[in-house]
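Engineer: As input, take upload04.pdb (PDB, C-alpha atoms and all ligand atoms):
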ATOM      1  CA  MET A   1      46.877 132.736 142.734  1.00  0.00           C
ATOM      2  CA  ASP A   2      44.189 135.255 141.886  1.00  0.00           C
ATOM      3  CA  ARG A   3      42.370 135.733 138.651  1.00  0.00           C
ATOM      4  CA  SER A   4      43.594 139.262 138.002  1.00  0.00           C
ATOM      5  CA  LEU A   5      47.169 138.018 138.171  1.00  0.00           C
ATOM      6  CA  LEU A   6      46.434 135.209 135.701  1.00  0.00           C
ATOM      7  CA  GLU A   7      44.636 137.675 133.454  1.00  0.00           C
ATOM      8  CA  ALA A   8      47.590 140.083 133.522  1.00  0.00           C
ATOM      9  CA  ARG A   9      50.024 137.304 132.592  1.00  0.00           C
ATOM     10  CA  PHE A  10      48.029 135.236 130.128  1.00  0.00           C
ATOM     11  CA  GLY A  11      45.055 137.360 129.041  1.00  0.00           C
ATOM     12  CA  LYS A  12      41.281 137.473 129.496  1.00  0.00           C
ATOM     13  CA  LYS A  13      40.659 134.484 127.226  1.00  0.00           C
ATOM     14  CA  PHE A  14      42.905 132.272 129.322  1.00  0.00           C
ATOM     15  CA  VAL A  15      40.835 133.019 132.416  1.00  0.00           C
ATOM     16  CA  ALA A  16      37.557 132.572 130.482  1.00  0.00           C
ATOM     17  CA  LEU A  17      38.729 129.116 129.355  1.00  0.00           C
ATOM     18  CA  ILE A  18      39.524 128.138 132.943  1.00  0.00           C
ATOM     19  CA  ASP A  19      36.015 129.252 133.929  1.00  0.00           C
ATOM     20  CA  ASP A  20      34.585 126.840 131.358  1.00  0.00           C
ATOM     21  CA  SER A  21      36.460 123.800 132.702  1.00  0.00           C
ATOM     22  CA  PRO A  22      35.239 122.374 136.019  1.00  0.00           C
ATOM     23  CA  LEU A  23      38.449 120.300 136.281  1.00  0.00           C
ATOM     24  CA  LEU A  24      40.617 123.386 135.918  1.00  0.00           C
ATOM     25  CA  GLN A  25      38.560 125.361 138.406  1.00  0.00           C
ATOM     26  CA  ARG A  26      39.165 122.594 140.921  1.00  0.00           C
ATOM     27  CA  ASP A  27      42.904 122.606 140.071  1.00  0.00           C
ATOM     28  CA  LEU A  28      43.044 126.360 140.461  1.00  0.00           C
ATOM     29  CA  ARG A  29      41.510 126.199 143.945  1.00  0.00           C
ATOM     30  CA  ALA A  30      43.967 123.472 144.991  1.00  0.00           C
ATOM     31  CA  LEU A  31      46.933 125.409 143.542  1.00  0.00           C
ATOM     32  CA  ALA A  32      45.821 128.549 145.380  1.00  0.00           C
ATOM     33  CA  ARG A  33      45.732 126.642 148.675  1.00  0.00           C
ATOM     34  CA  LEU A  34      49.334 125.536 148.052  1.00  0.00           C
ATOM     35  CA  LYS A  35      50.347 129.092 147.117  1.00  0.00           C
ATOM     36  CA  CYS A  36      51.650 127.834 143.775  1.00  0.00           C
ATOM     37  CA  ARG A  37      53.382 130.529 141.719  1.00  0.00           C
ATOM     38  CA  VAL A  38      52.635 130.890 138.013  1.00  0.00           C
ATOM     39  CA  ARG A  39      55.047 132.660 135.675  1.00  0.00           C
ATOM     40  CA  ARG A  40      55.126 133.595 132.025  1.00  0.00           C
ATOM     41  CA  TRP A  41      58.093 132.501 129.901  1.00  0.00           C
ATOM     42  CA  ASN A  42      58.476 135.126 127.215  1.00  0.00           C
ATOM     43  CA  GLY A  43      58.990 134.013 123.625  1.00  0.00           C
ATOM     44  CA  LYS A  44      58.600 130.285 124.410  1.00  0.00           C
ATOM     45  CA  HIS A  45      56.077 127.679 123.304  1.00  0.00           C
ATOM     46  CA  ALA A  46      56.678 125.261 126.175  1.00  0.00           C
ATOM     47  CA  ALA A  47      55.838 124.801 129.829  1.00  0.00           C
ATOM     48  CA  TYR A  48      57.338 123.203 132.919  1.00  0.00           C
ATOM     49  CA  SER A  49      56.783 123.016 136.630  1.00  0.00           C
ATOM     50  CA  LYS A  50      58.753 122.480 139.810  1.00  0.00           C
ATOM     51  CA  THR A  51      57.401 120.801 142.880  1.00  0.00           C
ATOM     52  CA  ASP A  52      58.569 118.776 145.835  1.00  0.00           C
ATOM     53  CA  ILE A  53      56.376 115.688 146.239  1.00  0.00           C
ATOM     54  CA  ASN A  54      56.988 115.731 150.002  1.00  0.00           C
ATOM     55  CA  ASP A  55      55.907 119.346 150.391  1.00  0.00           C
ATOM     56  CA  ARG A  56      53.880 120.745 147.520  1.00  0.00           C
ATOM     57  CA  ARG A  57      53.654 124.257 148.917  1.00  0.00           C
ATOM     58  CA  ASN A  58      55.197 127.091 146.894  1.00  0.00           C
ATOM     59  CA  ALA A  59      55.455 125.030 143.723  1.00  0.00           C
ATOM     60  CA  LEU A  60      56.054 126.793 140.421  1.00  0.00           C
ATOM     61  CA  ILE A  61      54.335 126.563 137.040  1.00  0.00           C
ATOM     62  CA  VAL A  62      55.918 128.293 134.045  1.00  0.00           C
ATOM     63  CA  ILE A  63      54.012 128.727 130.784  1.00  0.00           C
ATOM     64  CA  GLY A  64      55.451 130.111 127.547  1.00  0.00           C
ATOM     65  CA  SER A  65      53.994 133.299 126.062  1.00  0.00           C
ATOM     66  CA  LYS A  66      53.679 131.813 122.549  1.00  0.00           C
ATOM     67  CA  GLY A  67      50.656 129.813 121.465  1.00  0.00           C
ATOM     68  CA  THR A  68      46.927 130.367 121.638  1.00  0.00           C
ATOM     69  CA  PRO A  69      45.086 130.860 124.945  1.00  0.00           C
ATOM     70  CA  LEU A  70      43.785 127.295 124.534  1.00  0.00           C
ATOM     71  CA  ASP A  71      47.343 125.934 124.128  1.00  0.00           C
ATOM     72  CA  LYS A  72      48.360 127.732 127.305  1.00  0.00           C
ATOM     73  CA  VAL A  73      45.345 126.527 129.259  1.00  0.00           C
ATOM     74  CA  LEU A  74      46.048 122.903 128.271  1.00  0.00           C
ATOM     75  CA  GLN A  75      49.706 123.341 129.241  1.00  0.00           C
ATOM     76  CA  PHE A  76      48.464 124.742 132.531  1.00  0.00           C
ATOM     77  CA  ALA A  77      46.241 121.663 133.050  1.00  0.00           C
ATOM     78  CA  HIS A  78      49.219 119.390 132.338  1.00  0.00           C
ATOM     79  CA  GLU A  79      51.563 121.166 134.746  1.00  0.00           C
ATOM     80  CA  ALA A  80      48.824 121.428 137.386  1.00  0.00           C
ATOM     81  CA  TYR A  81      48.704 117.621 137.398  1.00  0.00           C
ATOM     82  CA  HIS A  82      52.470 117.418 137.994  1.00  0.00           C
ATOM     83  CA  VAL A  83      52.248 119.938 140.842  1.00  0.00           C
ATOM     84  CA  LEU A  84      49.130 118.549 142.536  1.00  0.00           C
ATOM     85  CA  LYS A  85      49.436 114.810 141.949  1.00  0.00           C
ATOM     86  CA  GLY A  86      52.981 114.123 140.721  1.00  0.00           C
ATOM     87  CA  PHE A  87      54.676 111.182 142.455  1.00  0.00           C
ATOM     88  CA  THR A  88      58.207 111.114 141.016  1.00  0.00           C
ATOM     89  CA  PRO A  89      60.926 112.719 143.175  1.00  0.00           C
ATOM     90  CA  SER A  90      62.728 115.699 141.624  1.00  0.00           C
ATOM     91  CA  TYR A  91      65.991 114.462 143.103  1.00  0.00           C
ATOM     92  CA  PRO A  92      65.958 110.660 143.005  1.00  0.00           C
ATOM     93  CA  ASP A  93      68.120 108.928 145.583  1.00  0.00           C
ATOM     94  CA  PRO A  94      69.951 106.092 143.758  1.00  0.00           C
ATOM     95  CA  LYS A  95      70.008 104.104 147.015  1.00  0.00           C
ATOM     96  CA  VAL A  96      66.205 104.118 147.094  1.00  0.00           C
ATOM     97  CA  MET A  97      65.278 104.313 143.418  1.00  0.00           C
ATOM     98  CA  SER A  98      67.041 102.626 140.524  1.00  0.00           C
ATOM     99  CA  ARG A  99      67.329 104.215 137.082  1.00  0.00           C
ATOM    100  CA  ALA A 100      64.678 101.804 135.742  1.00  0.00           C
ATOM    101  CA  GLN A 101      62.297 102.639 138.611  1.00  0.00           C
ATOM    102  CA  TYR A 102      62.847 106.356 138.086  1.00  0.00           C
ATOM    103  CA  LEU A 103      62.147 106.027 134.338  1.00  0.00           C
ATOM    104  CA  ALA A 104      58.995 103.970 134.948  1.00  0.00           C
ATOM    105  CA  SER A 105      57.742 106.467 137.540  1.00  0.00           C
ATOM    106  CA  SER A 106      58.488 109.464 135.286  1.00  0.00           C
ATOM    107  CA  ILE A 107      56.690 107.917 132.321  1.00  0.00           C
ATOM    108  CA  ALA A 108      53.700 106.885 134.468  1.00  0.00           C
ATOM    109  CA  GLU A 109      53.441 110.432 135.851  1.00  0.00           C
ATOM    110  CA  GLU A 110      53.740 111.956 132.392  1.00  0.00           C
ATOM    111  CA  THR A 111      50.997 109.606 131.138  1.00  0.00           C
ATOM    112  CA  ARG A 112      48.668 110.765 133.938  1.00  0.00           C
ATOM    113  CA  ALA A 113      49.460 114.419 133.153  1.00  0.00           C
ATOM    114  CA  VAL A 114      48.626 113.890 129.459  1.00  0.00           C
ATOM    115  CA  MET A 115      45.370 112.142 130.453  1.00  0.00           C
ATOM    116  CA  HIS A 116      44.397 115.078 132.674  1.00  0.00           C
ATOM    117  CA  GLU A 117      45.210 117.499 129.866  1.00  0.00           C
ATOM    118  CA  ALA A 118      42.998 115.431 127.494  1.00  0.00           C
ATOM    119  CA  ARG A 119      40.094 115.472 129.964  1.00  0.00           C
ATOM    120  CA  VAL A 120      40.301 119.261 130.198  1.00  0.00           C
ATOM    121  CA  ALA A 121      40.435 119.420 126.374  1.00  0.00           C
ATOM    122  CA  GLU A 122      37.264 117.325 126.324  1.00  0.00           C
ATOM    123  CA  GLU A 123      35.449 119.689 128.702  1.00  0.00           C
ATOM    124  CA  LEU A 124      36.403 122.643 126.516  1.00  0.00           C
ATOM    125  CA  TYR A 125      35.449 120.789 123.334  1.00  0.00           C
ATOM    126  CA  ASP A 126      32.041 120.037 124.852  1.00  0.00           C
ATOM    127  CA  LYS A 127      31.641 123.748 125.598  1.00  0.00           C
ATOM    128  CA  GLY A 128      32.100 124.449 121.881  1.00  0.00           C
ATOM    129  CA  TYR A 129      35.724 125.563 121.747  1.00  0.00           C
ATOM    130  CA  LEU A 130      37.808 124.718 118.696  1.00  0.00           C
ATOM    131  CA  VAL A 131      40.295 122.175 120.030  1.00  0.00           C
ATOM    132  CA  PRO A 132      43.370 121.445 117.839  1.00  0.00           C
ATOM    133  CA  ALA A 133      43.422 118.040 116.133  1.00  0.00           C
ATOM    134  CA  ARG A 134      46.404 116.717 118.077  1.00  0.00           C
ATOM    135  CA  HIS A 135      44.491 117.087 121.332  1.00  0.00           C
ATOM    136  CA  LEU A 136      41.430 115.411 119.852  1.00  0.00           C
ATOM    137  CA  ARG A 137      43.611 112.528 118.670  1.00  0.00           C
ATOM    138  CA  THR A 138      44.883 112.063 122.227  1.00  0.00           C
ATOM    139  CA  LEU A 139      41.302 112.181 123.488  1.00  0.00           C
ATOM    140  CA  VAL A 140      40.219 109.479 121.023  1.00  0.00           C
ATOM    141  CA  GLU A 141      43.196 107.360 122.145  1.00  0.00           C
ATOM    142  CA  LEU A 142      42.179 107.871 125.768  1.00  0.00           C
ATOM    143  CA  HIS A 143      38.625 106.693 125.132  1.00  0.00           C
ATOM    144  CA  ARG A 144      39.737 103.813 122.965  1.00  0.00           C
ATOM    145  CA  GLY A 145      42.738 102.465 124.836  1.00  0.00           C
ATOM    146  CA  GLY A 146      42.838 104.196 128.227  1.00  0.00           C
ATOM    147  CA  TYR A 147      46.036 104.461 130.239  1.00  0.00           C
ATOM    148  CA  SER A 148      48.111 102.009 128.186  1.00  0.00           C
ATOM    149  CA  ALA A 149      47.325 103.770 124.902  1.00  0.00           C
ATOM    150  CA  ILE A 150      48.365 107.145 126.321  1.00  0.00           C
ATOM    151  CA  LYS A 151      51.471 105.604 127.857  1.00  0.00           C
ATOM    152  CA  ALA A 152      52.490 104.265 124.432  1.00  0.00           C
ATOM    153  CA  GLU A 153      51.935 107.740 123.000  1.00  0.00           C
ATOM    154  CA  VAL A 154      54.055 109.336 125.725  1.00  0.00           C
ATOM    155  CA  GLU A 155      56.869 106.853 125.206  1.00  0.00           C
ATOM    156  CA  SER A 156      57.019 107.588 121.490  1.00  0.00           C
ATOM    157  CA  SER A 157      56.495 111.343 121.691  1.00  0.00           C
ATOM    158  CA  MET A 158      59.114 114.001 122.152  1.00  0.00           C
ATOM    159  CA  ALA A 159      59.658 116.074 125.257  1.00  0.00           C
ATOM    160  CA  SER A 160      58.544 119.632 124.566  1.00  0.00           C
ATOM    161  CA  ILE A 161      61.643 121.236 126.038  1.00  0.00           C
ATOM    162  CA  SER A 162      64.576 119.059 124.983  1.00  0.00           C
ATOM    163  CA  ASN A 163      63.411 117.567 121.659  1.00  0.00           C
ATOM    164  CA  GLU A 164      64.345 114.045 122.635  1.00  0.00           C
ATOM    165  CA  SER A 165      62.233 111.161 123.880  1.00  0.00           C
ATOM    166  CA  TYR A 166      60.944 111.191 127.457  1.00  0.00           C
ATOM    167  CA  ARG A 167      62.943 108.045 128.153  1.00  0.00           C
ATOM    168  CA  ASP A 168      66.158 109.765 126.998  1.00  0.00           C
ATOM    169  CA  THR A 169      65.330 112.990 128.841  1.00  0.00           C
ATOM    170  CA  TYR A 170      64.572 111.315 132.172  1.00  0.00           C
ATOM    171  CA  GLY A 171      67.401 108.821 131.775  1.00  0.00           C
ATOM    172  CA  ARG A 172      69.894 111.626 131.175  1.00  0.00           C
ATOM    173  CA  TYR A 173      68.498 113.555 134.125  1.00  0.00           C
ATOM    174  CA  TYR A 174      68.893 110.549 136.415  1.00  0.00           C
ATOM    175  CA  ASP A 175      72.477 109.943 135.249  1.00  0.00           C
ATOM    176  CA  GLN A 176      73.449 113.605 135.713  1.00  0.00           C
ATOM    177  CA  HIS A 177      71.847 113.736 139.129  1.00  0.00           C
ATOM    178  CA  VAL A 178      73.523 110.526 140.284  1.00  0.00           C
ATOM    179  CA  ALA A 179      76.894 111.692 138.905  1.00  0.00           C
ATOM    180  CA  ALA A 180      76.493 114.995 140.776  1.00  0.00           C
ATOM    181  CA  LEU A 181      75.670 113.110 143.978  1.00  0.00           C
ATOM    182  CA  GLY A 182      78.798 111.010 143.477  1.00  0.00           C
ATOM    183  CA  ARG A 183      80.926 114.133 143.029  1.00  0.00           C
ATOM    184  CA  LYS A 184      79.459 115.643 146.201  1.00  0.00           C
ATOM    185  CA  ARG A 185      80.256 112.464 148.145  1.00  0.00           C
ATOM    186  CA  LEU A 186      83.810 112.523 146.782  1.00  0.00           C
ATOM    187  CA  HIS A 187      84.223 116.173 147.870  1.00  0.00           C
ATOM    188  CA  ARG A 188      82.979 115.286 151.338  1.00  0.00           C
ATOM    189  CA  LEU A 189      85.412 112.378 151.575  1.00  0.00           C
ATOM    190  CA  GLU A 190      88.286 114.567 150.371  1.00  0.00           C
ATOM    191  CA  ALA A 191      87.335 117.277 152.854  1.00  0.00           C
ATOM    192  CA  ARG A 192      87.341 114.686 155.655  1.00  0.00           C
ATOM    193  CA  LYS A 193      90.755 113.461 154.524  1.00  0.00           C
ATOM    194  CA  VAL A 194      92.082 117.043 154.746  1.00  0.00           C
ATOM    195  CA  VAL A 195      90.600 117.447 158.228  1.00  0.00           C
ATOM    196  CA  CYS A 196      92.046 114.092 159.321  1.00  0.00           C
ATOM    197  CA  SER A 197      95.520 114.849 158.023  1.00  0.00           C
ATOM    198  CA  ALA A 198      95.518 118.358 159.545  1.00  0.00           C
TER     199      ALA A 198
HETATM  200 ZN    ZN B   1      54.735 116.647 131.752  1.00  0.00          ZN
END
Here is the file; what I need is its structure written in the form of structure tokens.
Structural biologist:
Amino acid sequence: MDRSLLEARFGKKFVALIDDSPLLQRDLRALARLKCRVRRWNGKHAAYSKTDINDRRNALIVIGSKGTPLDKVLQFAHEAYHVLKGFTPSYPDPKVMSRAQYLASSIAEETRAVMHEARVAEELYDKGYLVPARHLRTLVELHRGGYSAIKAEVESSMASISNESYRDTYGRYYDQHVAALGRKRLHRLEARKVVCSA
């Protein structure tokens, strides 16, 4: 992931902000080693990422085109955490991980991502950038109450993409995934039945 590519997609200011955050510079180097792709999502004020926790190479980070360069850089910091350090499987196996375990893991990972984002916001604030109040509030929470305070914030906040709580979003995802797995198993069994009766 080279700088000219980031500059072309997100602008000069985005790259200048990354240069002023030691944490983000470290993330950027790690993402480059993994050959992580970064895309712009036109007309959106949201971000997401895709990664496989067993093989983090060729992960993907997508950042919406709306919002200030600082918004985008903080979204980038958040998604970089998911890609580099995330520990929740994208496709949970219900035989290995229960719905409750999946929810707990998802919320713990999201909490860590928000904490990383807040630490980057702090670095930029210290460099004199104007950081929006909501990020400063999270930072104050982080200093005051640490992990558990941020976790409480995550649990009560809304997911940026789906407008429902993280618990509902991840719970629905788990249910859909498990239902899809069940359907696949059924198809396999039916296919075997056809083969057997042929
Ligand atoms: Zn997240």
Engineer: Rounded to one decimal in Å, what is the spacing between atom CA of A:Arg29 and atom CA of A:His116?
Structural biologist: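 We find that atom CA of A:Arg29 and atom CA of A:His116 lie 16.1 Å from each other.
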Engineer: Which neighbours of stretch 57-73 of chain A fall inside 6 Å, counting only C-alpha atoms, when residues of the same chain fewer than 4 positions from it are skipped, and could you give them as a PyMOL selection string?
Structural biologist: chain A and resi 14+34-51
Engineer: Show me, as a list in words, the residues that have an atom within 8 Å of stretch 139-152 of chain A when counting all atoms listed in the file, minus same-chain residues fewer than 5 positions from it.
Structural biologist: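 Contacts, with the query itself left out: Ile107, Ala108, Thr111, Arg112, Val114, Met115, Ala118, Arg119, Ala121 and Glu122 of chain A.
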Engineer: For a test of reading the model, state the distance in Å between atom CA of A:Ala100 and atom CA of A:Glu79, rounded to one decimal.
Structural biologist: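 Calculated distance between atom CA of A:Ala100 and atom CA of A:Glu79 is 23.4 Å.
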Engineer: Would you list the residues that come within 7 Å of ligand ZN 1 (chain B)? Count only C-alpha atoms and all ligand atoms and give the answer as a PyMOL selection string.
Structural biologist: chain A and resi 78-79+82+110+113
Engineer: Taking all atoms listed in the file into account, name the residue in A:Val178, A:Ala30, A:Met1, A:Leu6 that is nearest to A:Asp93.
Structural biologist: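 Of all the options, A:Val178 lies closest to A:Asp93.
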Engineer: Once 6 Å is added on each side, what are the centre and the three edge lengths, in Å to one decimal, of the axis-aligned box enclosing the listed atoms of stretch 131-137 of chain A? Present them as AutoDock Vina command-line options.
Structural biologist:
--center_x 43.3 --center_y 117.4 --center_z 118.7 --size_x 18.1 --size_y 21.6 --size_z 17.2
Engineer: Taking 6 positions as the minimum chain separation for residues in the same chain, which residues sit within 12 Å of A:Ser165 when counting only C-alpha atoms? Answer as a ChimeraX atom specification.
Structural biologist: /A:103,107,152-159,171-172
Engineer: Have a look at atom CA of A:Leu17 and atom CA of A:Tyr129 and let me know their distance in Å, one decimal.
Structural biologist: 8.9 Å
Engineer: Which of these residues is nearest to A:Leu23, using only C-alpha atoms: A:Asp55, A:Asp2, A:Glu109, A:Glu117?
Structural biologist: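 Smallest distance to A:Leu23 is found for A:Glu117.
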Engineer: Which residue out of A:Thr138, A:Val15, A:Pro132, A:Ser106 has the minimum interatomic distance to A:Asp168 when all atoms listed in the file are used?
Structural biologist: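 The answer is A:Ser106, which sits nearest to A:Asp168.
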Engineer: Apply the PyMOL selection byres (((chain A and resi 94) around 12) and not hetatm) to the displayed file and report the matching residues as a ChimeraX atom specification.
Structural biologist: /A:89,91-93,95-102,174-182
Engineer: Given the choices A:Arg56, A:Arg188, A:Ser105, A:Leu31, which gets closest to A:Arg167 if the distance is worked out from all atoms listed in the file?
Structural biologist: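 Of A:Arg56, A:Arg188, A:Ser105, A:Leu31, the one nearest A:Arg167, counting all atoms listed in the file, is A:Ser105.
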Engineer: Can you work out which one of A:Leu186, A:Leu24, A:Gly86, A:Leu74 has the shortest atom-to-atom distance to A:Arg134, counting all atoms listed in the file?
Structural biologist: A:Leu74
